[in-house]
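**Q** Pasting final-v4.txt below, which is compact mmCIF, C-alpha atoms.
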```txt
# COMPACT_ATOMS: atom_id res chain seq x y z
CA MET A 10 17.70 -4.69 21.24
CA ALA A 11 15.61 -5.49 18.19
CA LEU A 12 12.73 -3.19 17.31
CA LEU A 13 9.18 -4.43 16.74
CA LEU A 14 7.45 -3.28 13.59
CA PRO A 15 3.64 -3.32 13.97
CA ARG A 16 1.37 -3.36 10.92
CA ALA A 17 -1.11 -0.87 12.37
CA GLY A 18 -0.27 2.41 14.01
CA ARG A 19 3.54 1.86 13.80
CA ALA A 20 4.04 3.50 17.19
CA CYS A 21 4.03 0.54 19.59
CA LEU A 22 6.61 0.58 22.35
CA LEU A 23 9.04 -2.26 22.86
CA LEU A 24 7.98 -2.56 26.47
CA ALA A 25 4.47 -3.50 25.36
CA VAL A 26 5.30 -6.07 22.69
CA ALA A 27 2.57 -8.53 23.62
CA VAL A 28 -0.14 -5.87 23.60
CA CYS A 29 1.10 -4.46 20.30
CA LEU A 30 1.09 -7.85 18.61
CA ALA A 31 -2.41 -8.66 19.74
CA TYR A 32 -3.57 -5.32 18.36
CA ALA A 33 -1.52 -5.07 15.21
CA PHE A 34 -1.45 -8.64 13.96
CA GLY A 35 -4.81 -9.90 15.19
CA ARG A 36 -3.33 -13.35 15.83
CA ARG A 37 -1.51 -15.25 18.56
CA ALA A 38 2.00 -13.94 19.11
CA ASP A 39 3.80 -17.27 19.33
CA ALA A 40 7.15 -16.09 18.00
CA ALA A 41 9.42 -13.65 19.79
CA VAL A 42 11.38 -10.94 18.02
CA LYS A 43 14.79 -12.40 17.19
CA GLU A 44 17.95 -10.95 18.67
CA LEU A 45 20.14 -10.00 15.74
CA ARG A 46 23.91 -9.99 16.03
CA VAL A 47 27.08 -9.31 14.10
CA GLY A 48 28.71 -12.55 12.96
CA TYR A 49 25.48 -14.54 13.13
CA TYR A 50 26.65 -16.93 10.39
CA ALA A 51 30.22 -17.31 11.69
CA ASP A 52 29.68 -21.00 12.42
CA THR A 53 27.03 -22.00 9.88
CA CYS A 54 28.14 -20.03 6.81
CA PRO A 55 31.31 -18.07 7.60
CA ALA A 56 31.79 -16.90 4.00
CA ALA A 57 28.25 -15.50 3.63
CA GLU A 58 29.17 -11.81 3.72
CA GLU A 59 32.14 -12.32 1.39
CA ILE A 60 29.97 -14.24 -1.08
CA VAL A 61 27.37 -11.47 -1.16
CA ARG A 62 29.97 -8.73 -1.53
CA GLU A 63 31.71 -10.49 -4.43
CA ALA A 64 28.39 -11.04 -6.21
CA MET A 65 27.44 -7.39 -5.68
CA ALA A 66 30.78 -6.31 -7.14
CA ARG A 67 30.00 -8.36 -10.24
CA ALA A 68 26.54 -6.77 -10.47
CA LEU A 69 28.10 -3.30 -10.17
CA ALA A 70 30.50 -4.07 -13.01
CA ARG A 71 27.63 -5.22 -15.24
CA GLU A 72 25.25 -2.35 -14.47
CA PRO A 73 26.09 0.35 -11.91
CA ARG A 74 22.42 1.24 -11.42
CA SER A 75 21.59 -2.29 -10.27
CA VAL A 76 23.33 -2.04 -6.90
CA ALA A 77 21.44 1.16 -6.06
CA SER A 78 18.23 -0.67 -6.92
CA VAL A 79 19.16 -3.53 -4.59
CA MET A 80 19.94 -1.07 -1.78
CA ARG A 81 16.51 0.47 -2.22
CA LEU A 82 14.91 -2.92 -1.58
CA GLN A 83 15.92 -2.73 2.09
CA PHE A 84 13.81 0.40 2.62
CA HIS A 85 10.79 -1.06 0.87
CA ASP A 86 11.18 -4.36 2.73
CA CYS A 87 11.83 -3.12 6.26
CA PHE A 88 9.11 -0.47 6.34
CA VAL A 89 6.39 -3.01 5.50
CA ASN A 90 6.06 -5.44 8.43
CA GLY A 91 9.78 -5.57 9.09
CA CYS A 92 12.93 -6.73 7.32
CA ASP A 93 11.56 -10.13 6.31
CA GLY A 94 12.16 -10.43 2.55
CA SER A 95 8.46 -10.01 1.80
CA VAL A 96 9.16 -7.44 -0.93
CA LEU A 97 10.97 -10.16 -2.90
CA MET A 98 7.96 -12.48 -3.15
CA ASP A 99 6.13 -12.88 -6.43
CA ALA A 100 2.36 -12.49 -6.41
CA THR A 101 0.20 -15.62 -6.50
CA PRO A 102 -3.50 -16.08 -7.35
CA THR A 103 -4.26 -15.84 -3.62
CA MET A 104 -1.59 -13.31 -2.52
CA PRO A 105 -1.12 -9.92 -4.18
CA GLY A 106 2.59 -9.18 -3.86
CA GLU A 107 4.33 -6.04 -2.66
CA LYS A 108 6.05 -5.71 -6.03
CA GLU A 109 2.68 -4.57 -7.42
CA ALA A 110 2.10 -1.96 -4.69
CA LEU A 111 1.64 1.64 -5.82
CA SER A 112 5.10 2.80 -4.77
CA ASN A 113 6.81 -0.30 -6.20
CA ILE A 114 5.23 -1.27 -9.50
CA ASN A 115 7.37 -0.33 -12.51
CA SER A 116 9.81 1.13 -10.00
CA LEU A 117 11.52 -1.52 -7.86
CA ARG A 118 13.95 -3.55 -9.93
CA SER A 119 17.05 -5.78 -9.87
CA PHE A 120 15.25 -8.70 -8.24
CA GLU A 121 17.34 -10.89 -10.53
CA VAL A 122 20.45 -9.62 -8.71
CA VAL A 123 19.01 -10.86 -5.43
CA ASP A 124 18.35 -14.21 -7.14
CA GLN A 125 22.02 -14.34 -8.09
CA LEU A 126 23.14 -13.49 -4.55
CA LYS A 127 20.87 -16.18 -3.12
CA ASP A 128 22.06 -18.77 -5.63
CA ALA A 129 25.69 -18.02 -4.76
CA VAL A 130 25.05 -18.35 -1.03
CA GLU A 131 22.93 -21.48 -1.44
CA GLU A 132 25.66 -23.17 -3.44
CA ARG A 133 28.02 -22.82 -0.47
CA CYS A 134 25.56 -22.99 2.46
CA PRO A 135 22.18 -24.44 1.44
CA GLY A 136 19.22 -23.60 3.66
CA VAL A 137 21.13 -21.38 6.08
CA VAL A 138 21.05 -17.69 5.09
CA SER A 139 17.73 -15.87 4.81
CA CYS A 140 16.77 -13.70 1.87
CA ALA A 141 16.03 -10.90 4.35
CA ASP A 142 19.63 -11.00 5.59
CA ILE A 143 20.95 -11.11 2.03
CA VAL A 144 19.11 -7.85 1.26
CA VAL A 145 20.60 -6.18 4.35
CA MET A 146 24.12 -7.36 3.48
CA ALA A 147 23.70 -6.33 -0.15
CA ALA A 148 22.44 -2.86 0.77
CA ARG A 149 25.55 -2.28 2.86
CA ASP A 150 27.76 -3.49 0.02
CA ALA A 151 25.97 -1.32 -2.54
CA VAL A 152 27.01 1.70 -0.49
CA SER A 153 30.59 0.70 0.28
CA LEU A 154 31.33 -0.49 -3.27
CA THR A 155 30.31 2.91 -4.68
CA GLY A 156 32.41 5.00 -2.32
CA GLY A 157 30.29 5.20 0.81
CA PRO A 158 30.80 3.88 4.33
CA ARG A 159 30.93 0.26 5.41
CA TRP A 160 29.38 -0.92 8.65
CA ASP A 161 28.85 -4.14 10.57
CA VAL A 162 25.49 -5.72 9.79
CA ARG A 163 23.46 -7.49 12.45
CA LEU A 164 22.00 -10.69 11.06
CA GLY A 165 19.70 -13.54 12.01
CA ARG A 166 16.40 -12.62 10.34
CA GLU A 167 13.89 -15.10 9.00
CA ASP A 168 11.93 -14.78 5.77
CA SER A 169 8.21 -14.14 5.92
CA LEU A 170 5.71 -16.69 4.66
CA THR A 171 3.58 -14.08 2.91
CA ALA A 172 3.67 -10.56 1.46
CA SER A 173 1.07 -7.78 1.68
CA GLN A 174 0.39 -5.40 -1.18
CA GLU A 175 -2.25 -3.70 0.96
CA ASP A 176 0.19 -2.93 3.76
CA SER A 177 2.75 -1.60 1.30
CA ASP A 178 0.13 0.66 -0.28
CA ASN A 179 -0.84 1.96 3.15
CA ILE A 180 2.70 2.57 4.39
CA MET A 181 5.17 3.52 1.68
CA PRO A 182 5.39 7.25 0.88
CA SER A 183 4.75 8.78 -2.50
CA PRO A 184 7.39 10.78 -4.42
CA ARG A 185 5.05 13.71 -3.70
CA ALA A 186 5.39 13.36 0.10
CA ASN A 187 6.38 16.47 2.02
CA ALA A 188 8.81 16.72 4.91
CA THR A 189 6.11 16.81 7.59
CA ALA A 190 4.57 13.55 6.37
CA LEU A 191 7.99 11.91 6.13
CA ILE A 192 8.94 12.96 9.66
CA ARG A 193 5.69 11.47 10.94
CA LEU A 194 6.26 8.23 9.02
CA PHE A 195 9.81 7.76 10.28
CA ALA A 196 8.87 8.64 13.86
CA GLY A 197 6.45 5.72 13.81
CA TYR A 198 9.49 3.45 13.46
CA ASN A 199 11.57 5.15 16.16
CA LEU A 200 13.61 6.84 13.45
CA SER A 201 14.57 10.46 14.08
CA VAL A 202 14.74 13.50 11.83
CA ILE A 203 18.47 12.86 11.55
CA ASP A 204 17.75 9.29 10.42
CA LEU A 205 15.19 10.54 7.89
CA VAL A 206 17.55 13.01 6.27
CA ALA A 207 20.57 10.70 6.37
CA LEU A 208 18.65 7.73 4.93
CA SER A 209 17.20 9.95 2.20
CA GLY A 210 20.83 10.27 1.15
CA SER A 211 20.49 6.77 -0.29
CA HIS A 212 19.39 8.73 -3.37
CA SER A 213 23.05 9.64 -3.78
CA ILE A 214 23.18 6.67 -6.14
CA GLY A 215 20.67 5.42 -8.67
CA GLU A 216 18.07 6.79 -11.04
CA ALA A 217 14.38 7.64 -10.99
CA ARG A 218 11.70 7.88 -13.66
CA CYS A 219 10.12 10.92 -15.29
CA PHE A 220 6.83 9.53 -13.97
CA SER A 221 7.89 10.56 -10.47
CA ILE A 222 8.42 14.24 -11.31
CA MET A 223 5.84 15.14 -13.97
CA PHE A 224 3.65 16.88 -11.39
CA ARG A 225 6.64 18.91 -10.15
CA LEU A 226 7.39 20.07 -13.67
CA TYR A 227 3.88 20.85 -14.85
CA ASN A 228 1.30 20.89 -12.05
CA GLN A 229 2.79 21.25 -8.57
CA SER A 230 0.00 21.09 -5.94
CA GLY A 231 -2.61 21.41 -8.69
CA SER A 232 -1.38 24.88 -9.61
CA GLY A 233 -0.79 24.19 -13.29
CA ARG A 234 2.71 25.52 -12.72
CA PRO A 235 6.10 23.97 -11.87
CA ASP A 236 7.48 23.62 -8.37
CA PRO A 237 8.89 27.04 -7.40
CA HIS A 238 11.59 25.32 -5.32
CA MET A 239 13.59 24.33 -8.38
CA ASP A 240 16.67 25.90 -9.91
CA PRO A 241 15.62 27.35 -13.32
CA ALA A 242 18.51 25.77 -15.22
CA TYR A 243 17.83 22.41 -13.62
CA ARG A 244 14.13 22.73 -14.42
CA ALA A 245 14.97 23.45 -18.06
CA ALA A 246 17.14 20.33 -18.21
CA LEU A 247 14.33 18.24 -16.73
CA HIS A 248 11.83 19.75 -19.18
CA ALA A 249 14.07 18.58 -22.01
CA LEU A 250 14.37 15.12 -20.50
CA CYS A 251 10.72 14.77 -19.47
CA PRO A 252 8.41 16.70 -21.84
CA LEU A 253 4.69 16.12 -21.47
CA ALA A 254 4.65 13.57 -24.28
CA VAL A 255 7.65 11.61 -22.95
CA ASP A 256 7.76 7.91 -22.17
CA GLN A 257 7.50 8.35 -18.42
CA ASN A 258 9.80 5.38 -17.80
CA VAL A 259 12.76 7.45 -19.02
CA THR A 260 15.20 7.81 -16.12
CA ALA A 261 17.74 10.28 -14.80
CA GLY A 262 20.22 10.32 -11.94
CA MET A 263 18.85 11.52 -8.62
CA ASP A 264 21.89 13.69 -8.06
CA ALA A 265 24.81 14.94 -10.14
CA THR A 266 26.98 11.88 -9.29
CA PRO A 267 24.52 8.97 -9.54
CA VAL A 268 27.12 6.18 -9.55
CA VAL A 269 29.14 7.53 -6.59
CA PHE A 270 27.90 7.43 -3.00
CA ASP A 271 28.82 10.86 -1.64
CA ASN A 272 27.18 13.99 -0.23
CA GLN A 273 26.49 15.55 -3.64
CA TYR A 274 22.80 14.74 -3.11
CA PHE A 275 22.68 17.25 -0.24
CA LYS A 276 24.64 19.86 -2.13
CA ASP A 277 22.08 19.55 -4.92
CA LEU A 278 19.17 20.04 -2.49
CA VAL A 279 20.77 23.23 -1.15
CA HIS A 280 20.97 24.51 -4.73
CA LEU A 281 17.34 23.50 -5.46
CA ARG A 282 18.37 20.68 -7.73
CA GLY A 283 16.62 17.79 -6.00
CA PHE A 284 15.00 15.33 -8.40
CA LEU A 285 12.05 14.11 -6.30
CA ASN A 286 9.65 16.30 -4.39
CA SER A 287 10.23 14.05 -1.36
CA ASP A 288 13.92 14.98 -1.60
CA GLN A 289 13.71 18.73 -2.23
CA THR A 290 11.09 19.16 0.51
CA LEU A 291 13.76 18.25 3.08
CA PHE A 292 15.55 21.53 2.35
CA SER A 293 12.77 23.76 1.09
CA ASP A 294 9.81 23.07 3.39
CA ASN A 295 10.91 22.25 6.94
CA PRO A 296 13.37 24.03 9.25
CA PHE A 297 14.33 20.86 11.15
CA THR A 298 15.22 18.82 8.09
CA ARG A 299 16.82 21.87 6.42
CA VAL A 300 19.41 22.11 9.19
CA MET A 301 20.46 18.51 8.63
CA VAL A 302 20.55 18.85 4.84
CA LYS A 303 22.87 21.82 5.20
CA ARG A 304 25.06 20.00 7.71
CA PHE A 305 25.44 16.94 5.48
CA SER A 306 26.12 19.11 2.42
CA ASP A 307 29.06 20.63 4.30
CA ASP A 308 30.34 17.49 6.06
CA GLN A 309 30.42 14.21 4.15
CA ASP A 310 31.89 12.31 7.11
CA ALA A 311 28.95 13.36 9.28
CA PHE A 312 26.58 12.11 6.59
CA PHE A 313 28.38 8.79 6.30
CA ARG A 314 28.25 8.23 10.07
CA ALA A 315 24.57 9.12 10.30
CA PHE A 316 23.69 7.01 7.27
CA ALA A 317 25.40 3.91 8.66
CA GLU A 318 23.68 4.41 12.03
CA GLY A 319 20.32 4.87 10.33
CA MET A 320 20.71 1.74 8.23
CA VAL A 321 21.52 -0.32 11.33
CA LYS A 322 18.47 1.09 13.13
CA MET A 323 16.20 0.44 10.17
CA GLY A 324 17.57 -3.09 9.90
CA GLU A 325 16.33 -3.78 13.44
CA LEU A 326 12.68 -3.54 12.34
CA GLN A 327 11.30 -7.05 12.49
CA ASN A 328 8.25 -9.11 11.72
CA PRO A 329 7.70 -11.04 14.98
CA MET A 330 5.77 -13.89 13.36
CA LYS A 331 7.53 -17.19 12.78
CA GLY A 332 9.26 -17.35 9.41
CA GLU A 333 11.59 -19.61 7.47
CA ILE A 334 14.77 -19.63 5.40
CA ARG A 335 13.45 -19.55 1.84
CA ALA A 336 15.22 -21.66 -0.74
CA ASN A 337 13.96 -19.29 -3.45
CA CYS A 338 13.54 -15.66 -2.45
CA ARG A 339 10.48 -15.26 -4.68
CA VAL A 340 8.28 -17.94 -3.10
CA ALA A 341 7.63 -19.56 0.26
CA ASN A 342 9.10 -23.01 0.71
CA GLY A 343 6.84 -25.74 -0.65
CA SER A 344 5.32 -23.44 -3.28
CA PRO A 345 5.72 -24.00 -7.03
CA PRO A 346 8.77 -22.16 -8.39
CA PRO A 347 7.94 -18.92 -10.21
CA PRO A 348 7.91 -18.97 -14.02
CA LEU A 349 10.58 -17.15 -16.01
CA ARG A 350 12.86 -16.70 -13.04
CA ASN A 351 15.51 -13.97 -13.38
CA GLN A 352 13.32 -12.02 -15.78
CA VAL A 353 11.80 -9.52 -13.31
```
Can the structure in the file be given as structure tokens, please?
**A**
Amino acid sequence: MALLLPRAGRACLLLAVAVCLAYAFGRRADAAVKELRVGYYADTCPAAEEIVREAMARALAREPRSVASVMRLQFHDCFVNGCDGSVLMDATPTMPGEKEALSNINSLRSFEVVDQLKDAVEERCPGVVSCADIVVMAARDAVSLTGGPRWDVRLGREDSLTASQEDSDNIMPSPRANATALIRLFAGYNLSVIDLVALSGSHSIGEARCFSIMFRLYNQSGSGRPDPHMDPAYRAALHALCPLAVDQNVTAGMDATPVVFDNQYFKDLVHLRGFLNSDQTLFSDNPFTRVMVKRFSDDQDAFFRAFAEGMVKMGELQNPMKGEIRANCRVANGSPPPPLRNQV
């Protein structure tokens, strides 16, 4: 059964969908949550998943970091009013986009890869496959192409007509978030502590900016000192990479094997070598998340199973309002095409 993602409160029960919509959306709920299914495009675009996977493989060959960046888009899309492709939309004079939200600006990237995926699918099956589904397929492929598990994706989403920078600002966690805040956030989406820790393992691949850790290195919790939950040798390496005067857009891998999807991320947390505060807190600050970090550090297969299950659950979060199949993932149908496409 598909899960409803409300914009306010994020704790509505499925059995009270109508009440939740009236409260959370403040408008008439004239569109039901869609029932997603494996093989949704079997009749209308049977090659859709193959097309996306082949295009992701080409992106990986060009720039390994790009596929991790595309995978990250699913988190930032699904947590803000459901998996509806809203994070892909460019801002307009009347609609601030989610790309400019606090947790996304100068951080989310590889939108041009999604453009390429969409173009490839549109060439074969015009007007059939949503941008939201392309992100979900691509996230799965980013994982499997870099050594992680592969799972069946449930498809059939529509693309939203708008985006909301305000909602993204209000929902998405900061790199400074602690385990307690993250548990509360995930619980609001019917995602468990196991889901939280497993999905945090998405940081097994990809890079993050010095900007996200300067406070950990120099002023943790306003103390004027570094985070005490950091291996001294690792801290010294990060000091060298991210001195106070550094260009804070300099990046580093979020674990010791940033182009391979494995359980090294959890091994690093156990040894106090987590890059982001929101990662290290899972081992250092909460007994419930610590147990799962330790388990996944010891058992990669258990991590892979939990990660795949968590991605499927997160993919069920939906925007119940009527959408469309965008021809261009950056703009609603009927809008002027964005300038300088493929440059962001």
**Q** If we count all atoms listed in the file and set the cut-off at 6 Å, which residues sit around segment 215-229 of chain A, ignoring sequence neighbours fewer than 5 positions away in its own chain? Please answer as a tab-separated table (two decimals) with C-alpha atoms, keeping the file's coordinate frame.
**A**
```
chain	number	residue	atom	x	y	z
A	74	ARG	CA	22.42	1.24	-11.42
A	77	ALA	CA	21.44	1.16	-6.06
A	234	ARG	CA	2.71	25.52	-12.72
A	235	PRO	CA	6.10	23.97	-11.87
A	236	ASP	CA	7.48	23.62	-8.37
A	251	CYS	CA	10.72	14.77	-19.47
A	257	GLN	CA	7.50	8.35	-18.42
A	258	ASN	CA	9.80	5.38	-17.80
A	259	VAL	CA	12.76	7.45	-19.02
A	260	THR	CA	15.20	7.81	-16.12
A	261	ALA	CA	17.74	10.28	-14.80
A	262	GLY	CA	20.22	10.32	-11.94
A	263	MET	CA	18.85	11.52	-8.62
A	267	PRO	CA	24.52	8.97	-9.54
```
**Q** Within 12 Å of (17.8, -11.9, -5.1), in the coordinates the file gives, what residues turn up when you count all atoms listed in the file, written out as an MDAnalysis selection string?
**A** chainID A and resid 61 64:65 68 75:76 78:80 82:83 94:99 118:131 139:148 335:340 350:353
**Q** What lies within 12 Å of Ser211 of chain A using all atoms listed in the file, ignoring chain neighbours under 6 positions off, as a PyMOL selection string?
**A** chain A and resi 76-84+148-149+151-153+155+157-158+204-205+263-264+267-275+288+312-313+315-317+319-320
**Q** Quick check, in Å to one decimal: how far apart do atom CA of Ser287 of chain A and atom CA of Ala110 of chain A lie?
**A**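 Rounded to one decimal, the two atoms are 18.3 Å apart.
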**Q** Could you tell me how far atom CA of Ser209 of chain A sits from atom CA of Arg193 of chain A, in Å to one decimal place?
**A** 14.5 Å
**Q** Have a look at A:Pro105, A:Pro329, A:Gly197, A:Gly165 and name the one nearest to Tyr50 of chain A; count all atoms listed in the file.
**A**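 Counting all atoms listed in the file, the residue closest to Tyr50 of chain A is A:Gly165.
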**Q** Go through A:Val162, A:Ala265, A:Ala254, A:Ala190 one by one, measure the shortest atom-to-atom distance of each to Ser213 of chain A using all atoms listed in the file, and give the residue with the smallest value.
**A**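 Closest to Ser213 of chain A of all the choices is A:Ala265.
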**Q** Could you please determine the separation between atom CA of Val47 of chain A and atom CA of Lys331 of chain A in Å, to one decimal place?
**A** 21.1 Å
**Q** Counting all atoms listed in the file, which of A:Arg67, A:His248, A:His212, A:Arg133 gets nearest to Asp150 of chain A?
**A** A:Arg67
**Q** Tell me which of A:Ala70, A:Met330, A:Ile114, A:Val302 sits closest to Glu167 of chain A, counting all atoms listed in the file.
**A**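 The shortest atom-to-atom distance to Glu167 of chain A comes from A:Met330.
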**Q** My list of candidates is A:Ala186, A:Leu45, A:Ala56, A:Met104. Which is closest to Leu285 of chain A when distances are computed with all atoms listed in the file?
**A** A:Ala186
**Q** Counting all atoms listed in the file, figure out which residue out of A:Cys134, A:Ala249, A:Val202, A:Ala207 gets nearest to Asn295 of chain A.
**A** A:Val202
**Q** How would you write as a list in words the residues that get within 10 Å of (-1.9, -1.7, 3.3) in the file's frame, counting all atoms listed in the file?
**A**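 Residues with an atom at most 10 Å from (-1.9, -1.7, 3.3): Arg16, Ala17, Val89, Glu107, Ala110, Ser173, Gln174, Glu175, Asp176, Ser177, Asp178, Asn179, Ile180 and Met181 of chain A.
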